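Quick look at protein_28.cif (mmCIF, C-alpha atoms, pLDDT in the B column; chains and numbers go by the auth columns):
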```
data_entry
#
loop_
_atom_site.group_PDB
_atom_site.id
_atom_site.type_symbol
_atom_site.label_atom_id
_atom_site.label_comp_id
_atom_site.label_asym_id
_atom_site.label_seq_id
_atom_site.Cartn_x
_atom_site.Cartn_y
_atom_site.Cartn_z
_atom_site.B_iso_or_equiv
_atom_site.auth_seq_id
_atom_site.auth_asym_id
ATOM 1 C CA MET A 1 0.000 0.000 0.000 46.00 58 X
ATOM 2 C CA ALA A 2 1.364 3.427 -0.961 58.00 59 X
ATOM 3 C CA SER A 3 2.316 5.816 1.833 75.00 60 X
ATOM 4 C CA THR A 4 0.702 9.251 2.243 83.00 61 X
ATOM 5 C CA THR A 5 3.883 10.898 0.885 82.00 62 X
ATOM 6 C CA GLU A 6 3.844 8.716 -2.231 86.00 63 X
ATOM 7 C CA THR A 7 0.118 9.388 -2.797 88.00 64 X
ATOM 8 C CA GLU A 8 0.639 13.164 -2.437 89.00 65 X
ATOM 9 C CA TYR A 9 3.579 13.101 -4.815 90.00 66 X
ATOM 10 C CA ALA A 10 1.659 11.051 -7.398 90.00 67 X
ATOM 11 C CA ALA A 11 -1.208 13.599 -7.260 92.00 68 X
ATOM 12 C CA PHE A 12 1.337 16.407 -7.646 93.00 69 X
ATOM 13 C CA LEU A 13 2.837 14.738 -10.754 93.00 70 X
ATOM 14 C CA GLU A 14 -0.658 14.580 -12.292 94.00 71 X
ATOM 15 C CA LYS A 15 -1.039 18.301 -11.587 95.00 72 X
ATOM 16 C CA VAL A 16 2.308 18.985 -13.318 95.00 73 X
ATOM 17 C CA LYS A 17 1.078 17.163 -16.454 95.00 74 X
ATOM 18 C CA ARG A 18 -1.943 19.460 -16.806 95.00 75 X
ATOM 19 C CA THR A 19 0.031 22.642 -16.038 96.00 76 X
ATOM 20 C CA VAL A 20 1.573 25.027 -18.583 96.00 77 X
ATOM 21 C CA TYR A 21 4.504 27.350 -17.922 96.00 78 X
ATOM 22 C CA VAL A 22 3.831 30.682 -19.655 93.00 79 X
ATOM 23 C CA ASP A 23 6.466 33.404 -19.752 89.00 80 X
ATOM 24 C CA ASN A 24 7.376 36.655 -21.493 84.00 81 X
ATOM 25 C CA LEU A 25 4.123 38.146 -20.227 85.00 82 X
ATOM 26 C CA SER A 26 3.707 41.904 -20.040 80.00 83 X
ATOM 27 C CA PRO A 27 4.041 43.326 -16.496 77.00 84 X
ATOM 28 C CA GLN A 28 0.472 44.659 -16.907 78.00 85 X
ATOM 29 C CA VAL A 29 -1.014 41.145 -17.156 84.00 86 X
ATOM 30 C CA THR A 30 -3.239 40.242 -14.199 86.00 87 X
ATOM 31 C CA GLU A 31 -4.844 36.925 -13.230 91.00 88 X
ATOM 32 C CA PRO A 32 -8.325 37.817 -14.621 92.00 89 X
ATOM 33 C CA VAL A 33 -6.803 38.960 -17.945 89.00 90 X
ATOM 34 C CA LEU A 34 -4.749 35.771 -18.270 89.00 91 X
ATOM 35 C CA ARG A 35 -7.705 33.594 -17.293 91.00 92 X
ATOM 36 C CA THR A 36 -9.877 35.247 -19.966 90.00 93 X
ATOM 37 C CA ALA A 37 -7.158 34.759 -22.617 88.00 94 X
ATOM 38 C CA LEU A 38 -6.621 31.072 -21.824 89.00 95 X
ATOM 39 C CA ASP A 39 -10.220 30.043 -21.056 88.00 96 X
ATOM 40 C CA GLN A 40 -10.694 29.578 -24.818 86.00 97 X
ATOM 41 C CA PHE A 41 -8.573 26.409 -24.553 87.00 98 X
ATOM 42 C CA GLY A 42 -10.592 24.872 -21.729 89.00 99 X
ATOM 43 C CA MET A 43 -11.157 25.456 -18.027 92.00 100 X
ATOM 44 C CA VAL A 44 -8.371 27.212 -16.135 94.00 101 X
ATOM 45 C CA LYS A 45 -8.266 25.666 -12.644 94.00 102 X
ATOM 46 C CA ASN A 46 -5.484 27.701 -11.083 94.00 103 X
ATOM 47 C CA ILE A 47 -3.005 30.467 -11.929 94.00 104 X
ATOM 48 C CA GLN A 48 0.198 30.903 -9.950 93.00 105 X
ATOM 49 C CA PHE A 49 2.551 33.787 -10.765 91.00 106 X
ATOM 50 C CA ILE A 50 6.188 32.913 -10.135 87.00 107 X
ATOM 51 C CA THR A 51 7.796 35.456 -7.845 80.00 108 X
ATOM 52 C CA ASN A 52 11.085 36.964 -8.981 74.00 109 X
ATOM 53 C CA TYR A 53 12.976 38.227 -5.940 70.00 110 X
ATOM 54 C CA ILE A 54 16.058 39.670 -7.632 64.00 111 X
ATOM 55 C CA GLU A 55 14.890 41.555 -10.724 64.00 112 X
ATOM 56 C CA PRO A 56 13.005 44.893 -11.101 61.00 113 X
ATOM 57 C CA GLU A 57 9.200 45.022 -11.381 59.00 114 X
ATOM 58 C CA HIS A 58 9.042 45.876 -15.109 60.00 115 X
ATOM 59 C CA ILE A 59 10.447 42.497 -16.197 67.00 116 X
ATOM 60 C CA PRO A 60 8.304 40.005 -18.120 70.00 117 X
ATOM 61 C CA LYS A 61 6.132 37.876 -15.843 81.00 118 X
ATOM 62 C CA HIS A 62 6.213 34.074 -15.558 89.00 119 X
ATOM 63 C CA VAL A 63 3.218 32.001 -14.546 93.00 120 X
ATOM 64 C CA LEU A 64 2.053 28.420 -14.035 95.00 121 X
ATOM 65 C CA VAL A 65 -1.434 27.792 -15.427 95.00 122 X
ATOM 66 C CA GLU A 66 -3.190 24.625 -14.299 95.00 123 X
ATOM 67 C CA MET A 67 -5.825 23.420 -16.755 95.00 124 X
ATOM 68 C CA GLU A 68 -8.628 20.917 -16.212 93.00 125 X
ATOM 69 C CA ASP A 69 -6.781 18.155 -18.052 92.00 126 X
ATOM 70 C CA GLU A 70 -3.531 17.348 -19.826 94.00 127 X
ATOM 71 C CA ASP A 71 -4.993 17.665 -23.348 94.00 128 X
ATOM 72 C CA GLN A 72 -5.979 21.298 -22.730 94.00 129 X
ATOM 73 C CA ALA A 73 -2.455 22.066 -21.476 94.00 130 X
ATOM 74 C CA LYS A 74 -0.936 20.466 -24.593 94.00 131 X
ATOM 75 C CA ALA A 75 -3.305 22.480 -26.819 92.00 132 X
ATOM 76 C CA ILE A 76 -2.054 25.760 -25.298 92.00 133 X
ATOM 77 C CA VAL A 77 1.607 24.810 -25.810 93.00 134 X
ATOM 78 C CA LYS A 78 0.963 23.692 -29.398 92.00 135 X
ATOM 79 C CA LEU A 79 -0.999 26.796 -30.409 89.00 136 X
ATOM 80 C CA ILE A 80 1.379 29.329 -28.841 88.00 137 X
ATOM 81 C CA ALA A 81 4.347 27.561 -30.485 87.00 138 X
ATOM 82 C CA SER A 82 2.762 27.903 -33.941 87.00 139 X
ATOM 83 C CA CYS A 83 0.936 31.226 -33.620 83.00 140 X
ATOM 84 C CA PRO A 84 2.101 34.315 -31.675 77.00 141 X
ATOM 85 C CA LEU A 85 -0.229 35.261 -28.832 80.00 142 X
ATOM 86 C CA MET A 86 -0.034 38.707 -27.217 79.00 143 X
ATOM 87 C CA ILE A 87 -1.833 39.435 -23.959 81.00 144 X
ATOM 88 C CA VAL A 88 -2.101 43.123 -22.945 73.00 145 X
ATOM 89 C CA GLY A 89 0.629 45.726 -22.839 60.00 146 X
ATOM 90 C CA MET A 90 3.607 46.026 -25.126 60.00 147 X
ATOM 91 C CA PRO A 91 3.938 43.972 -28.329 65.00 148 X
ATOM 92 C CA ARG A 92 5.466 40.975 -26.579 73.00 149 X
ATOM 93 C CA PRO A 93 4.439 37.502 -27.823 83.00 150 X
ATOM 94 C CA VAL A 94 4.121 35.075 -24.918 87.00 151 X
ATOM 95 C CA ARG A 95 5.855 31.694 -24.817 89.00 152 X
ATOM 96 C CA ALA A 96 4.555 28.443 -23.384 92.00 153 X
ATOM 97 C CA CYS A 97 5.924 25.007 -22.566 94.00 154 X
ATOM 98 C CA ALA A 98 4.946 22.029 -20.448 95.00 155 X
ATOM 99 C CA ALA A 99 5.572 22.673 -16.754 95.00 156 X
ATOM 100 C CA LYS A 100 8.366 20.851 -14.927 94.00 157 X
ATOM 101 C CA VAL A 101 8.457 19.644 -11.337 93.00 158 X
ATOM 102 C CA GLU A 102 11.205 22.126 -10.379 90.00 159 X
ATOM 103 C CA MET A 103 9.029 25.135 -11.342 91.00 160 X
ATOM 104 C CA PHE A 104 6.650 24.685 -8.386 91.00 161 X
ATOM 105 C CA GLU A 105 7.563 26.455 -5.149 86.00 162 X
ATOM 106 C CA ASP A 106 5.005 24.403 -3.194 83.00 163 X
ATOM 107 C CA ARG A 107 6.043 20.989 -4.529 86.00 164 X
ATOM 108 C CA PRO A 108 5.884 18.154 -1.992 86.00 165 X
ATOM 109 C CA ALA A 109 8.981 16.245 -0.957 82.00 166 X
ATOM 110 C CA LYS A 110 9.906 13.457 -3.348 84.00 167 X
ATOM 111 C CA PRO A 111 9.574 10.084 -1.620 83.00 168 X
ATOM 112 C CA GLY A 112 12.980 8.704 -0.675 80.00 169 X
ATOM 113 C CA ARG A 113 14.832 11.965 -1.356 80.00 170 X
ATOM 114 C CA LYS A 114 16.903 13.545 1.398 80.00 171 X
ATOM 115 C CA ILE A 115 18.358 17.067 1.187 76.00 172 X
ATOM 116 C CA GLU A 116 21.056 18.145 3.595 78.00 173 X
ATOM 117 C CA VAL A 117 21.984 21.800 4.160 79.00 174 X
ATOM 118 C CA ARG A 118 25.133 22.804 6.036 78.00 175 X
ATOM 119 C CA TRP A 119 27.602 25.675 6.387 82.00 176 X
ATOM 120 C CA LEU A 120 30.947 25.290 4.638 80.00 177 X
ATOM 121 C CA ASP A 121 34.228 26.056 6.382 85.00 178 X
ATOM 122 C CA PRO A 122 36.755 28.088 4.374 85.00 179 X
ATOM 123 C CA ASP A 123 39.060 25.050 4.739 87.00 180 X
ATOM 124 C CA ASP A 124 36.490 22.726 3.183 86.00 181 X
ATOM 125 C CA PRO A 125 37.452 21.637 -0.386 83.00 182 X
ATOM 126 C CA ASN A 126 33.900 22.484 -1.559 85.00 183 X
ATOM 127 C CA PHE A 127 34.200 26.071 -0.272 87.00 184 X
ATOM 128 C CA GLU A 128 36.074 27.222 -3.407 88.00 185 X
ATOM 129 C CA VAL A 129 33.455 25.570 -5.617 89.00 186 X
ATOM 130 C CA ALA A 130 30.685 27.397 -3.728 86.00 187 X
ATOM 131 C CA GLN A 131 32.533 30.705 -4.141 89.00 188 X
ATOM 132 C CA LYS A 132 32.860 30.124 -7.898 92.00 189 X
ATOM 133 C CA TRP A 133 29.132 29.389 -8.148 90.00 190 X
ATOM 134 C CA LYS A 134 28.408 32.579 -6.221 90.00 191 X
ATOM 135 C CA LYS A 135 30.459 34.645 -8.710 94.00 192 X
ATOM 136 C CA ILE A 136 28.812 32.932 -11.681 94.00 193 X
ATOM 137 C CA ASP A 137 25.376 33.670 -10.199 90.00 194 X
ATOM 138 C CA LYS A 138 26.221 37.385 -9.753 91.00 195 X
ATOM 139 C CA ARG A 139 27.517 37.622 -13.320 93.00 196 X
ATOM 140 C CA HIS A 140 24.426 35.871 -14.655 89.00 197 X
ATOM 141 C CA ALA A 141 22.136 38.286 -12.735 85.00 198 X
ATOM 142 C CA ALA A 142 24.018 41.279 -14.222 88.00 199 X
ATOM 143 C CA GLU A 143 23.710 39.842 -17.755 89.00 200 X
ATOM 144 C CA VAL A 144 19.978 39.228 -17.274 81.00 201 X
ATOM 145 C CA ARG A 145 19.453 42.812 -16.063 82.00 202 X
ATOM 146 C CA PHE A 146 21.306 44.167 -19.113 87.00 203 X
ATOM 147 C CA LEU A 147 19.315 41.995 -21.552 82.00 204 X
ATOM 148 C CA LEU A 148 16.007 42.934 -19.939 78.00 205 X
ATOM 149 C CA LYS A 149 16.905 46.623 -20.196 82.00 206 X
ATOM 150 C CA GLN A 150 17.674 46.171 -23.922 84.00 207 X
ATOM 151 C CA GLN A 151 14.471 44.200 -24.461 77.00 208 X
ATOM 152 C CA LYS A 152 12.379 46.853 -22.701 77.00 209 X
ATOM 153 C CA ALA A 153 13.924 49.631 -24.848 82.00 210 X
ATOM 154 C CA GLU A 154 13.196 47.675 -28.063 80.00 211 X
ATOM 155 C CA GLU A 155 9.620 46.980 -26.981 76.00 212 X
ATOM 156 C CA GLU A 156 9.000 50.629 -26.125 80.00 213 X
ATOM 157 C CA LYS A 157 10.350 51.659 -29.532 84.00 214 X
ATOM 158 C CA LEU A 158 8.129 49.103 -31.281 80.00 215 X
ATOM 159 C CA ALA A 159 5.094 50.126 -29.219 78.00 216 X
ATOM 160 C CA LYS A 160 5.617 53.794 -30.207 85.00 217 X
ATOM 161 C CA GLN A 161 6.028 52.824 -33.872 87.00 218 X
ATOM 162 C CA GLN A 162 2.808 50.795 -33.780 83.00 219 X
ATOM 163 C CA ALA A 163 0.925 53.628 -32.047 86.00 220 X
ATOM 164 C CA ASP A 164 2.157 56.119 -34.687 90.00 221 X
ATOM 165 C CA ASN A 165 1.101 53.769 -37.513 90.00 222 X
ATOM 166 C CA LEU A 166 -2.310 53.320 -35.907 89.00 223 X
ATOM 167 C CA LYS A 167 -2.805 57.102 -35.640 93.00 224 X
ATOM 168 C CA ALA A 168 -1.722 57.614 -39.275 93.00 225 X
ATOM 169 C CA ASN A 169 -4.107 54.903 -40.538 93.00 226 X
ATOM 170 C CA PHE A 170 -6.947 56.318 -38.447 93.00 227 X
ATOM 171 C CA ALA A 171 -6.321 59.789 -39.928 93.00 228 X
ATOM 172 C CA LYS A 172 -6.454 58.300 -43.466 93.00 229 X
ATOM 173 C CA TYR A 173 -9.757 56.549 -42.769 92.00 230 X
ATOM 174 C CA GLU A 174 -11.207 59.734 -41.286 93.00 231 X
ATOM 175 C CA MET A 175 -10.180 61.656 -44.419 91.00 232 X
ATOM 176 C CA ILE A 176 -11.736 58.998 -46.687 88.00 233 X
ATOM 177 C CA ASP A 177 -14.971 59.076 -44.660 89.00 234 X
ATOM 178 C CA ALA A 178 -15.048 62.883 -44.871 90.00 235 X
ATOM 179 C CA ILE A 179 -14.607 63.060 -48.668 88.00 236 X
ATOM 180 C CA MET A 180 -17.195 60.310 -49.156 87.00 237 X
ATOM 181 C CA ALA A 181 -19.700 62.107 -46.904 89.00 238 X
ATOM 182 C CA ASP A 182 -19.344 65.605 -48.415 90.00 239 X
ATOM 183 C CA GLY A 183 -19.548 64.387 -52.026 87.00 240 X
ATOM 184 C CA THR A 184 -15.933 65.224 -52.946 88.00 241 X
ATOM 185 C CA ALA A 185 -15.228 61.616 -53.914 86.00 242 X
ATOM 186 C CA ALA A 186 -18.310 61.461 -56.167 85.00 243 X
ATOM 187 C CA ARG A 187 -17.347 64.728 -57.934 87.00 244 X
ATOM 188 C CA LEU A 188 -13.753 63.507 -58.478 86.00 245 X
ATOM 189 C CA ALA A 189 -15.019 60.159 -59.765 85.00 246 X
ATOM 190 C CA GLU A 190 -17.323 61.902 -62.216 85.00 247 X
ATOM 191 C CA TYR A 191 -14.548 64.253 -63.361 86.00 248 X
ATOM 192 C CA TYR A 192 -12.072 61.391 -63.994 87.00 249 X
ATOM 193 C CA GLY A 193 -14.684 58.934 -65.310 85.00 250 X
ATOM 194 C CA LEU A 194 -14.317 56.436 -62.449 84.00 251 X
ATOM 195 C CA ASN A 195 -16.952 54.115 -61.028 82.00 252 X
ATOM 196 C CA LEU A 196 -17.223 54.262 -57.216 71.00 253 X
ATOM 197 C CA ARG A 197 -20.040 51.761 -56.955 69.00 254 X
ATOM 198 C CA ASP A 198 -19.304 48.346 -55.472 58.00 255 X
ATOM 199 C CA GLU A 199 -19.924 45.889 -58.315 53.00 256 X
ATOM 200 C CA SER A 200 -19.248 42.735 -56.219 48.00 257 X
#
```

The structure given in the file should be rewritten as C-alpha cells.
Amino acid sequence: MASTTETEYAAFLEKVKRTVYVDNLSPQVTEPVLRTALDQFGMVKNIQFITNYIEPEHIPKHVLVEMEDEDQAKAIVKLIASCPLMIVGMPRPVRACAAKVEMFEDRPAKPGRKIEVRWLDPDDPNFEVAQKWKKIDKRHAAEVRFLLKQQKAEEEKLAKQQADNLKANFAKYEMIDAIMADGTAARLAEYYGLNLRDES
C-alpha cells in the first residue's frame, strides 16, 4: 500500500502534467486577464505567478497555469508555439511550454529523497566551488538585467512605432470618410470617369 507521501507526490505529478509554464508576459497582465485569454482552450483551474525576488518590477512575468486536463495544457503549448499570442501591454508575444516539477515552489517532498543543508568552512574543499558558483550567479544576474533593459527599450520603440502607424491609418480613414460624406469623392469620380459603386 502506498504511503501518504507517495500518494501526495503522485497527485502532484498529475497536476504537473496538466500545467503550462507561460512566460514573457507583459508586467500589466493580471490573473483575470490571463484567465480570460486562456479560457478559450478549456477550463483554467489555477493560476500561480512565479515570484522573482532579484529583478526589477518591469520584467516580463512568468506564470504556471493549471488546466482541467492534460490535453488542454498540450493544446495551449501547441498553439502558442505555432501562432504568436499577445496578452495586454507592449507587443510581446508570450511563450509556453509544459511545466516541470522544479518550477513549483510548493512541490511536496519526493519520496525517498533527502536534502542536507550545512555551512561550509573556508578550509572545506567544496568552499572554493561554492565561491565560484556565487560569482557565476552574480555575473548571470548582471547579464539578465542588461538583456532585460535592452528588451524593454526595443519593446517601447516598437510600441511607439505601432501607435504612430495606428494614428496615421486612423487619420487616413477619417479623411476617406469625410470626402465620401461631403460628395468630394463622387465629384472627383465623375470628373475622372471612375466608377465608385461596389460591383461585387

Within 10 Å of Thr108 of chain X, counting all atoms listed in the file, which residues qualify if same-chain residues fewer than 4 places away don't, as a count of residues only?
5

Would you please work out which residue, of X:Pro179, X:Ala130, X:Ala166, X:Arg152, is nearest to Met100 of chain X when using all atoms listed in the file?
X:Ala130

Translate the PyMOL selection byres ((chain X and resi 61-72) around 8), as applied to the file shown, into an explicit residue set as a CSV table (one decimal) with C-alpha atoms, in the coordinates of the input.
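See result.csv below for the written result:
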```csv
chain,number,residue,atom,x,y,z
X,59,ALA,CA,1.4,3.4,-1.0
X,60,SER,CA,2.3,5.8,1.8
X,73,VAL,CA,2.3,19.0,-13.3
X,74,LYS,CA,1.1,17.2,-16.5
X,75,ARG,CA,-1.9,19.5,-16.8
X,76,THR,CA,0.0,22.6,-16.0
X,123,GLU,CA,-3.2,24.6,-14.3
X,158,VAL,CA,8.5,19.6,-11.3
X,164,ARG,CA,6.0,21.0,-4.5
X,165,PRO,CA,5.9,18.2,-2.0
X,166,ALA,CA,9.0,16.2,-1.0
X,167,LYS,CA,9.9,13.5,-3.3
X,168,PRO,CA,9.6,10.1,-1.6
```

Calculate how many Å separate atom CA of Leu95 of chain X from atom CA of Val77 of chain X, rounding to one decimal.
10.7 Å

For Val90 of chain X, please output as a PDB file with C-alpha atoms, in the coordinates of the input all residues within 10 Å (counting all atoms listed in the file; exclusion window: fewer than 5 positions along the same chain).
```pdb
ATOM      1  CA  GLN X  85       0.472  44.659 -16.907  1.00 78.00           C
ATOM      2  CA  LEU X  95      -6.621  31.072 -21.824  1.00 89.00           C
ATOM      3  CA  ILE X 144      -1.833  39.435 -23.959  1.00 81.00           C
ATOM      4  CA  VAL X 145      -2.101  43.123 -22.945  1.00 73.00           C
TER       5      VAL X 145
END
```

Expand the PyMOL selection byres ((chain X and resi 96) around 12) into the explicit residue set it covers here, and present it as an MDAnalysis selection string.
chainID X and resid 88:95 97:104 122:125 129:130 132:133

Give me, please, the distance in Å between atom CA of Ile137 of chain X and atom CA of Lys224 of chain X, quoted to one decimal.
28.9 Å

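Between atom CA of Leu204 of chain X and atom CA of Asp80 of chain X lies a distance of 15.6 Å.
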
With 6 Å added on each side, what axis-aligned box encloses every listed atom of segment 180-189 of chain X? Give the centre and edge lengths in Å to one decimal, as JSON.
```
{"center_x": 34.9, "center_y": 26.2, "center_z": -1.6, "size_x": 20.4, "size_y": 21.1, "size_z": 24.6}
```

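The closest residue to Ser139 of chain X, picked from X:Ala220, X:Val151, X:Asp234, X:Lys195 and counting all atoms listed in the file, is X:Val151.
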
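Here the question is which of X:Ala235, X:Ala155, X:Ala242, X:Leu121 gets nearest to Lys135 of chain X using all atoms listed in the file, and that residue is X:Ala155.
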
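In terms of minimum interatomic distance to Asp163 of chain X, X:Ile107 ranks closest within X:Ile107, X:Val201, X:Val186, X:Met143, counting only C-alpha atoms.
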